[in-house]
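The block underneath contains the structure these notes are about, expressed in structure tokens.
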Amino acid sequence: MKHVDEYRDGKLAGAVARRIAAEALPGRDYYFMEFCGGHTHAISRYGIEDLLPGNIHMIHGPGCPVCVLPIGRIDHAIRLAALPKVTLCTYADLMRVPASRGASLLKAKAAGADIRMVYSTLDAVRIAENEPGREIVFFAIGFETTTPPTALAIRLAEKKSLQNFSVFCNHVLTPAAMAAILGDPDAKAEDAIRVDGFVGPAHVSTVIGTAPYVFCAEQYGKPVVIAGFEPLDVMQAILMLVRQINEGRHEVENQYIRAVTAAGNRKAQAEVEAVFELREAFEWRGLGEVPFSALRLRETFAQYDAERRFPVATEAAHDNPACECGAILRGVKKPAECRLFGNACTPETPVGSCMVSAEGACAAHWTYGRFREHISAASAAGPLPAPEAGEGIRTTRRAAS
Ligand code: SF4
């Protein structure tokens, strides 16, 4: 299939892997964070780490929108769904994310709340149009990629003069999260992570372009290479990062030229700008409160803002203390370092959000068997159950550096 097969070519991947091994300096280590869950998924699925020399370390970033949503926002959505006449529309991933006290949207639905899975924002608008007696609240989450469709839905609701449509807005911003990772002066010693460069977002960058990452290079001296989600995209990006570091450069480069431009999609940006404004701060799972890292509806669109329209009580919510999602999303730990991984926590029985979403690091490691090397290393600590066979499972092995 065009635009797929050529980016999964095994011979080419072997050639790029040999180039990376030849160019990575044996006397140093390279720590690269792949920001997106899509990259984490590709790295796990195609065994990319197995093809890298041992001194190149991939760190999973916070780029999974379901994973970074704090538990309090799920609680909030459940409270909205419990209001009379409210129908909460949401994407499927969110249904199983654990909320406080063992709750979830799926359990709330089973208990009688009107919660419906939709495939697009326009599905929610259509429901509002067809059911004027109900209040339709769309649970909007995601990075810059999914924000324009939410803006369009609000504009469409306005055009149709719908009085019963609103949005529970949880859209977050990628550059702000990268800044939080690079510049957290409060990071405790055990939380300090070394990031030498970023494999930058793919889909997000089709919307915002490459310019918003320049601060990483200019303020923090960290290279960024925007990369597509296919395995050869990721490998080429790693090679480009190695070259930047070896040459003492720190620039924003674009590997994903078939989809990303410097300016991004100006039409989508204009739609977002018209409807949303910055929140002063927003809580992220793993990163805590990050300034100017999320969006809310502008005053002009207040009637479509579910938070203003349906004030519900909120209370402090806490993740399961045994769940290491926060540390994984900060890049401090790997999934297999969580003691619940593969025991209490599997995709069938997720304890944390990183095991629910297909983009979550825990789900990716479990699905593609990326934990086996950790199991062998940790066998002294007690056996873990054998994984179910799954696509792409293979013995993990690193190529010699
Ligand atoms: S394995 Fe489960 S409990 Fe552990 S960090 Fe991942 S999602 Fe949380």
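By order of appearance in the structure tokens: chains A, B, ..., then residues from 1 within every chain, and ligands from 1 in the order shown.
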Would you mind listing the residues within 8 Å of ligand 1, counting only C-alpha atoms and all ligand atoms, as a list in words? Asn320, Ala322, Cys323, Glu324, Cys325, Gly326, Ala327, Ile328, Pro335, Ala336, Glu337, Cys338, Arg339, Leu340, Phe341, Gly342, Ala344, Cys345, Thr346, Pro350, Val351, Gly352, Ser353, Cys354, Met355, Val356, Ala361, Cys362 and Ala363 of chain A
With range 161-172 of chain A as the partner and 12 Å as the cut-off, tabulate the residues of range 205-319 of chain A that qualify, each row holding the nearest pair of atoms and their distance in Å to one decimal, using only C-alpha atoms, sorted by chain and rising number, as CSV.
residue,atom,partner,partner_atom,distance
A:Val272,CA,A:His171,CA,10.7
A:Val275,CA,A:Cys169,CA,11.4
A:Phe276,CA,A:Cys169,CA,9.6
A:Glu277,CA,A:His171,CA,10.7
A:Leu278,CA,A:Val172,CA,9.5
A:Arg279,CA,A:Val172,CA,9.5
A:Glu280,CA,A:Val172,CA,11.9
A:Ala281,CA,A:Val172,CA,10.3
A:Phe282,CA,A:Val172,CA,8.2
A:Glu283,CA,A:Val172,CA,9.8
A:Trp284,CA,A:Val172,CA,8.9
A:Arg285,CA,A:Val172,CA,11.9
A:Glu289,CA,A:Val172,CA,11.9
A:Val290,CA,A:Val172,CA,10.0
A:Pro291,CA,A:Val172,CA,10.9
A:Phe292,CA,A:Val172,CA,9.1
A:Ser293,CA,A:Val172,CA,5.7
A:Ala294,CA,A:Val172,CA,4.0
A:Leu295,CA,A:His171,CA,5.7
A:Arg296,CA,A:Cys169,CA,6.1
A:Leu297,CA,A:Cys169,CA,7.5
A:Arg298,CA,A:Cys169,CA,11.3
A:Phe301,CA,A:Ser166,CA,9.5
A:Ala302,CA,A:Ser166,CA,9.1
A:Gln303,CA,A:Ser166,CA,7.2
A:Tyr304,CA,A:Ser166,CA,4.1
A:Asp305,CA,A:Val167,CA,5.3
A:Ala306,CA,A:Phe168,CA,5.0
A:Glu307,CA,A:Phe168,CA,6.2
A:Arg308,CA,A:Phe168,CA,9.4
A:Arg309,CA,A:Ser166,CA,8.1
A:Phe310,CA,A:Ser166,CA,9.7
A:Pro311,CA,A:Phe168,CA,11.1
A:Val312,CA,A:Phe168,CA,11.9
Would you please work out which residue, of A:Ala317, A:Ile193, A:Ala270, A:Ile20, is nearest to Leu152 in chain A when using only C-alpha atoms?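 Closest residue, counting only C-alpha atoms: A:Ala270.
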Which residues in range 169-290 of chain A does DSSP call helix (DSSP H, G or I)? List them as a ChimeraX atom specification. /A:174-183,189-191,203-208,211-220,231-246,266-275
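Reported to one decimal place, the separation of CA of Gly369 in chain A from CA of Val225 in chain A is 27.1 Å.
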With only C-alpha atoms as the atoms that count, which of A:Lys267, A:Arg330, A:Arg101, A:Lys2 lies nearest to Pro62 in chain A?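 Residue with the minimum atom-to-atom distance to Pro62 in chain A: A:Arg330.
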Of the candidates A:Ala263, A:Leu239, A:Ala151, A:Leu232, which one gets nearest to Thr206 in chain A if we count only C-alpha atoms?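 Nearest candidate to Thr206 in chain A out of A:Ala263, A:Leu239, A:Ala151, A:Leu232: A:Ala263.
With distances restricted to only C-alpha atoms, A:Leu52 is the closest residue to Tyr30 in chain A from A:Leu12, A:Val204, A:Leu52, A:Cys89.
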Applying 8 Å and only C-alpha atoms, which residues near range 69-86 of chain A remain after dropping the ones on its own chain fewer than 3 positions away? List them as a count of residues only. 31
Do you have, as CSV, the list of residues of range 64-155 of chain A lying at most 12 Å from range 35-48 of chain A, each with its nearest atom pair and that distance in Å to one decimal, counting only C-alpha atoms and ordered by chain then number?
residue,atom,partner,partner_atom,distance
A:Cys64,CA,A:Gly37,CA,4.8
A:Pro65,CA,A:Gly37,CA,8.4
A:Val66,CA,A:Gly37,CA,9.9
A:Cys67,CA,A:Gly37,CA,9.2
A:Val68,CA,A:Gly37,CA,10.8
A:Gly142,CA,A:Cys36,CA,11.7
A:Phe143,CA,A:Cys36,CA,10.1
A:Thr145,CA,A:Cys36,CA,11.8
Taking the DSSP secondary structure from the backbone, can you list the residues of range 85-262 of chain A that are strand (DSSP E), as a PDB file with N, CA, C and O atoms, in the first residue's frame?
ATOM      1  N   VAL A  86     -28.865  14.842  30.830  1.00  0.00           N
ATOM      2  CA  VAL A  86     -27.575  14.989  30.142  1.00  0.00           C
ATOM      3  C   VAL A  86     -27.189  13.683  29.458  1.00  0.00           C
ATOM      4  O   VAL A  86     -27.298  12.601  30.034  1.00  0.00           O
ATOM      5  N   THR A  87     -26.753  13.814  28.200  1.00  0.00           N
ATOM      6  CA  THR A  87     -26.134  12.703  27.474  1.00  0.00           C
ATOM      7  C   THR A  87     -24.681  13.080  27.249  1.00  0.00           C
ATOM      8  O   THR A  87     -24.398  14.144  26.688  1.00  0.00           O
ATOM      9  N   LEU A  88     -23.763  12.247  27.727  1.00  0.00           N
ATOM     10  CA  LEU A  88     -22.344  12.518  27.544  1.00  0.00           C
ATOM     11  C   LEU A  88     -21.844  11.709  26.353  1.00  0.00           C
ATOM     12  O   LEU A  88     -21.993  10.488  26.317  1.00  0.00           O
ATOM     13  N   CYS A  89     -21.255  12.399  25.386  1.00  0.00           N
ATOM     14  CA  CYS A  89     -20.702  11.718  24.210  1.00  0.00           C
ATOM     15  C   CYS A  89     -19.184  11.704  24.320  1.00  0.00           C
ATOM     16  O   CYS A  89     -18.570  12.728  24.635  1.00  0.00           O
ATOM     17  N   THR A  90     -18.601  10.553  24.016  1.00  0.00           N
ATOM     18  CA  THR A  90     -17.155  10.434  24.198  1.00  0.00           C
ATOM     19  C   THR A  90     -16.570   9.412  23.244  1.00  0.00           C
ATOM     20  O   THR A  90     -17.295   8.586  22.679  1.00  0.00           O
ATOM     21  N   ASP A 114     -26.583   8.111  30.723  1.00  0.00           N
ATOM     22  CA  ASP A 114     -26.662   8.097  29.253  1.00  0.00           C
ATOM     23  C   ASP A 114     -25.307   8.558  28.692  1.00  0.00           C
ATOM     24  O   ASP A 114     -25.069   9.747  28.516  1.00  0.00           O
ATOM     25  N   ILE A 115     -24.436   7.593  28.474  1.00  0.00           N
ATOM     26  CA  ILE A 115     -23.095   7.885  27.953  1.00  0.00           C
ATOM     27  C   ILE A 115     -22.972   7.128  26.630  1.00  0.00           C
ATOM     28  O   ILE A 115     -23.194   5.915  26.574  1.00  0.00           O
ATOM     29  N   ARG A 116     -22.635   7.854  25.579  1.00  0.00           N
ATOM     30  CA  ARG A 116     -22.606   7.219  24.257  1.00  0.00           C
ATOM     31  C   ARG A 116     -21.234   7.399  23.611  1.00  0.00           C
ATOM     32  O   ARG A 116     -20.643   8.477  23.690  1.00  0.00           O
ATOM     33  N   MET A 117     -20.792   6.351  22.948  1.00  0.00           N
ATOM     34  CA  MET A 117     -19.528   6.434  22.210  1.00  0.00           C
ATOM     35  C   MET A 117     -19.794   7.029  20.839  1.00  0.00           C
ATOM     36  O   MET A 117     -20.754   6.636  20.170  1.00  0.00           O
ATOM     37  N   GLU A 135     -29.661  17.342  26.891  1.00  0.00           N
ATOM     38  CA  GLU A 135     -28.461  18.180  26.861  1.00  0.00           C
ATOM     39  C   GLU A 135     -27.293  17.303  26.430  1.00  0.00           C
ATOM     40  O   GLU A 135     -26.933  16.359  27.140  1.00  0.00           O
ATOM     41  N   ILE A 136     -26.729  17.594  25.286  1.00  0.00           N
ATOM     42  CA  ILE A 136     -25.632  16.767  24.767  1.00  0.00           C
ATOM     43  C   ILE A 136     -24.299  17.429  25.115  1.00  0.00           C
ATOM     44  O   ILE A 136     -24.008  18.557  24.698  1.00  0.00           O
ATOM     45  N   VAL A 137     -23.494  16.705  25.897  1.00  0.00           N
ATOM     46  CA  VAL A 137     -22.172  17.214  26.287  1.00  0.00           C
ATOM     47  C   VAL A 137     -21.115  16.350  25.602  1.00  0.00           C
ATOM     48  O   VAL A 137     -21.089  15.128  25.789  1.00  0.00           O
ATOM     49  N   PHE A 138     -20.264  16.987  24.819  1.00  0.00           N
ATOM     50  CA  PHE A 138     -19.176  16.248  24.171  1.00  0.00           C
ATOM     51  C   PHE A 138     -17.920  16.341  25.044  1.00  0.00           C
ATOM     52  O   PHE A 138     -17.465  17.431  25.380  1.00  0.00           O
ATOM     53  N   PHE A 139     -17.388  15.175  25.417  1.00  0.00           N
ATOM     54  CA  PHE A 139     -16.186  15.088  26.262  1.00  0.00           C
ATOM     55  C   PHE A 139     -14.980  15.206  25.326  1.00  0.00           C
ATOM     56  O   PHE A 139     -14.564  14.232  24.708  1.00  0.00           O
ATOM     57  N   ALA A 140     -14.469  16.426  25.197  1.00  0.00           N
ATOM     58  CA  ALA A 140     -13.408  16.698  24.214  1.00  0.00           C
ATOM     59  C   ALA A 140     -12.036  16.551  24.853  1.00  0.00           C
ATOM     60  O   ALA A 140     -11.726  17.224  25.837  1.00  0.00           O
ATOM     61  N   ILE A 141     -11.226  15.658  24.301  1.00  0.00           N
ATOM     62  CA  ILE A 141      -9.842  15.533  24.780  1.00  0.00           C
ATOM     63  C   ILE A 141      -8.907  15.517  23.590  1.00  0.00           C
ATOM     64  O   ILE A 141      -9.331  15.332  22.450  1.00  0.00           O
ATOM     65  N   GLY A 142      -7.631  15.685  23.864  1.00  0.00           N
ATOM     66  CA  GLY A 142      -6.639  15.509  22.812  1.00  0.00           C
ATOM     67  C   GLY A 142      -5.707  16.696  22.678  1.00  0.00           C
ATOM     68  O   GLY A 142      -5.930  17.767  23.241  1.00  0.00           O
ATOM     69  N   PHE A 165     -26.261  21.797  22.996  1.00  0.00           N
ATOM     70  CA  PHE A 165     -24.950  21.183  22.726  1.00  0.00           C
ATOM     71  C   PHE A 165     -23.883  21.953  23.493  1.00  0.00           C
ATOM     72  O   PHE A 165     -23.855  23.185  23.476  1.00  0.00           O
ATOM     73  N   SER A 166     -23.001  21.216  24.160  1.00  0.00           N
ATOM     74  CA  SER A 166     -21.870  21.869  24.835  1.00  0.00           C
ATOM     75  C   SER A 166     -20.675  20.920  24.855  1.00  0.00           C
ATOM     76  O   SER A 166     -20.794  19.736  24.534  1.00  0.00           O
ATOM     77  N   VAL A 167     -19.542  21.480  25.226  1.00  0.00           N
ATOM     78  CA  VAL A 167     -18.276  20.739  25.183  1.00  0.00           C
ATOM     79  C   VAL A 167     -17.604  20.805  26.554  1.00  0.00           C
ATOM     80  O   VAL A 167     -17.471  21.894  27.129  1.00  0.00           O
ATOM     81  N   PHE A 168     -17.207  19.639  27.062  1.00  0.00           N
ATOM     82  CA  PHE A 168     -16.375  19.568  28.268  1.00  0.00           C
ATOM     83  C   PHE A 168     -14.930  19.525  27.760  1.00  0.00           C
ATOM     84  O   PHE A 168     -14.457  18.494  27.298  1.00  0.00           O
ATOM     85  N   CYS A 169     -14.288  20.676  27.797  1.00  0.00           N
ATOM     86  CA  CYS A 169     -13.026  20.859  27.060  1.00  0.00           C
ATOM     87  C   CYS A 169     -11.801  20.423  27.868  1.00  0.00           C
ATOM     88  O   CYS A 169     -11.538  20.943  28.951  1.00  0.00           O
ATOM     89  N   ASN A 170     -11.050  19.499  27.284  1.00  0.00           N
ATOM     90  CA  ASN A 170      -9.808  19.022  27.900  1.00  0.00           C
ATOM     91  C   ASN A 170      -8.672  18.995  26.874  1.00  0.00           C
ATOM     92  O   ASN A 170      -7.802  18.133  26.922  1.00  0.00           O
ATOM     93  N   HIS A 171      -8.724  19.923  25.940  1.00  0.00           N
ATOM     94  CA  HIS A 171      -7.672  19.958  24.922  1.00  0.00           C
ATOM     95  C   HIS A 171      -6.386  20.544  25.505  1.00  0.00           C
ATOM     96  O   HIS A 171      -6.419  21.572  26.182  1.00  0.00           O
ATOM     97  N   GLY A 197      17.306  14.953  23.144  1.00  0.00           N
ATOM     98  CA  GLY A 197      16.579  15.430  21.970  1.00  0.00           C
ATOM     99  C   GLY A 197      15.225  14.754  21.890  1.00  0.00           C
ATOM    100  O   GLY A 197      14.960  13.774  22.600  1.00  0.00           O
ATOM    101  N   PHE A 198      14.370  15.317  21.053  1.00  0.00           N
ATOM    102  CA  PHE A 198      13.005  14.785  20.920  1.00  0.00           C
ATOM    103  C   PHE A 198      12.753  14.242  19.522  1.00  0.00           C
ATOM    104  O   PHE A 198      13.113  14.884  18.527  1.00  0.00           O
ATOM    105  N   VAL A 199      12.105  13.072  19.470  1.00  0.00           N
ATOM    106  CA  VAL A 199      11.419  12.671  18.245  1.00  0.00           C
ATOM    107  C   VAL A 199      10.074  13.391  18.334  1.00  0.00           C
ATOM    108  O   VAL A 199       9.240  13.067  19.174  1.00  0.00           O
ATOM    109  N   GLY A 200       9.902  14.419  17.522  1.00  0.00           N
ATOM    110  CA  GLY A 200       8.763  15.326  17.683  1.00  0.00           C
ATOM    111  C   GLY A 200       7.481  14.780  17.085  1.00  0.00           C
ATOM    112  O   GLY A 200       7.492  13.893  16.231  1.00  0.00           O
ATOM    113  N   VAL A 224      15.142  18.822  17.958  1.00  0.00           N
ATOM    114  CA  VAL A 224      13.836  18.181  17.755  1.00  0.00           C
ATOM    115  C   VAL A 224      13.783  17.737  16.300  1.00  0.00           C
ATOM    116  O   VAL A 224      14.111  18.513  15.410  1.00  0.00           O
ATOM    117  N   VAL A 225      13.391  16.493  16.075  1.00  0.00           N
ATOM    118  CA  VAL A 225      13.154  16.035  14.701  1.00  0.00           C
ATOM    119  C   VAL A 225      11.708  15.549  14.624  1.00  0.00           C
ATOM    120  O   VAL A 225      11.348  14.549  15.256  1.00  0.00           O
ATOM    121  N   ILE A 226      10.887  16.282  13.883  1.00  0.00           N
ATOM    122  CA  ILE A 226       9.485  15.884  13.688  1.00  0.00           C
ATOM    123  C   ILE A 226       9.495  14.613  12.851  1.00  0.00           C
ATOM    124  O   ILE A 226      10.150  14.560  11.805  1.00  0.00           O
ATOM    125  N   VAL A 252      15.456  22.445  14.934  1.00  0.00           N
ATOM    126  CA  VAL A 252      14.214  21.728  14.662  1.00  0.00           C
ATOM    127  C   VAL A 252      14.283  21.262  13.213  1.00  0.00           C
ATOM    128  O   VAL A 252      14.377  22.083  12.301  1.00  0.00           O
ATOM    129  N   GLU A 253      14.292  19.956  13.023  1.00  0.00           N
ATOM    130  CA  GLU A 253      14.326  19.407  11.671  1.00  0.00           C
ATOM    131  C   GLU A 253      13.033  18.645  11.426  1.00  0.00           C
ATOM    132  O   GLU A 253      12.371  18.191  12.366  1.00  0.00           O
ATOM    133  N   ASN A 254      12.721  18.494  10.154  1.00  0.00           N
ATOM    134  CA  ASN A 254      11.457  17.869   9.790  1.00  0.00           C
ATOM    135  C   ASN A 254      11.687  16.628   8.936  1.00  0.00           C
ATOM    136  O   ASN A 254      12.000  16.727   7.758  1.00  0.00           O
TER     137      ASN A 254
END
Pull the closest atom pair for each residue of range 173-237 of chain A that gets at most 10 Å from range 245-249 of chain A, along with the distance in Å to one decimal, counting only C-alpha atoms, ordering rows by chain and then ascending residue number, as a tab-separated table.
residue	atom	partner	partner_atom	distance
A:Asp196	CA	A:Ile245	CA	8.0
A:Gly197	CA	A:Ile245	CA	8.4
A:Ala217	CA	A:Arg249	CA	8.8
A:Gly221	CA	A:Arg249	CA	8.3
A:Lys222	CA	A:Arg249	CA	8.6
A:Pro223	CA	A:Arg249	CA	7.3
Computed gap from CA of Ala274 in chain A to CA of Leu122 in chain A is 18.3 Å
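Using only C-alpha atoms, the smallest distance between any of A:Leu287, A:Ala110, A:Ala358, A:Ala237 and Gln255 in chain A comes from A:Ala237.
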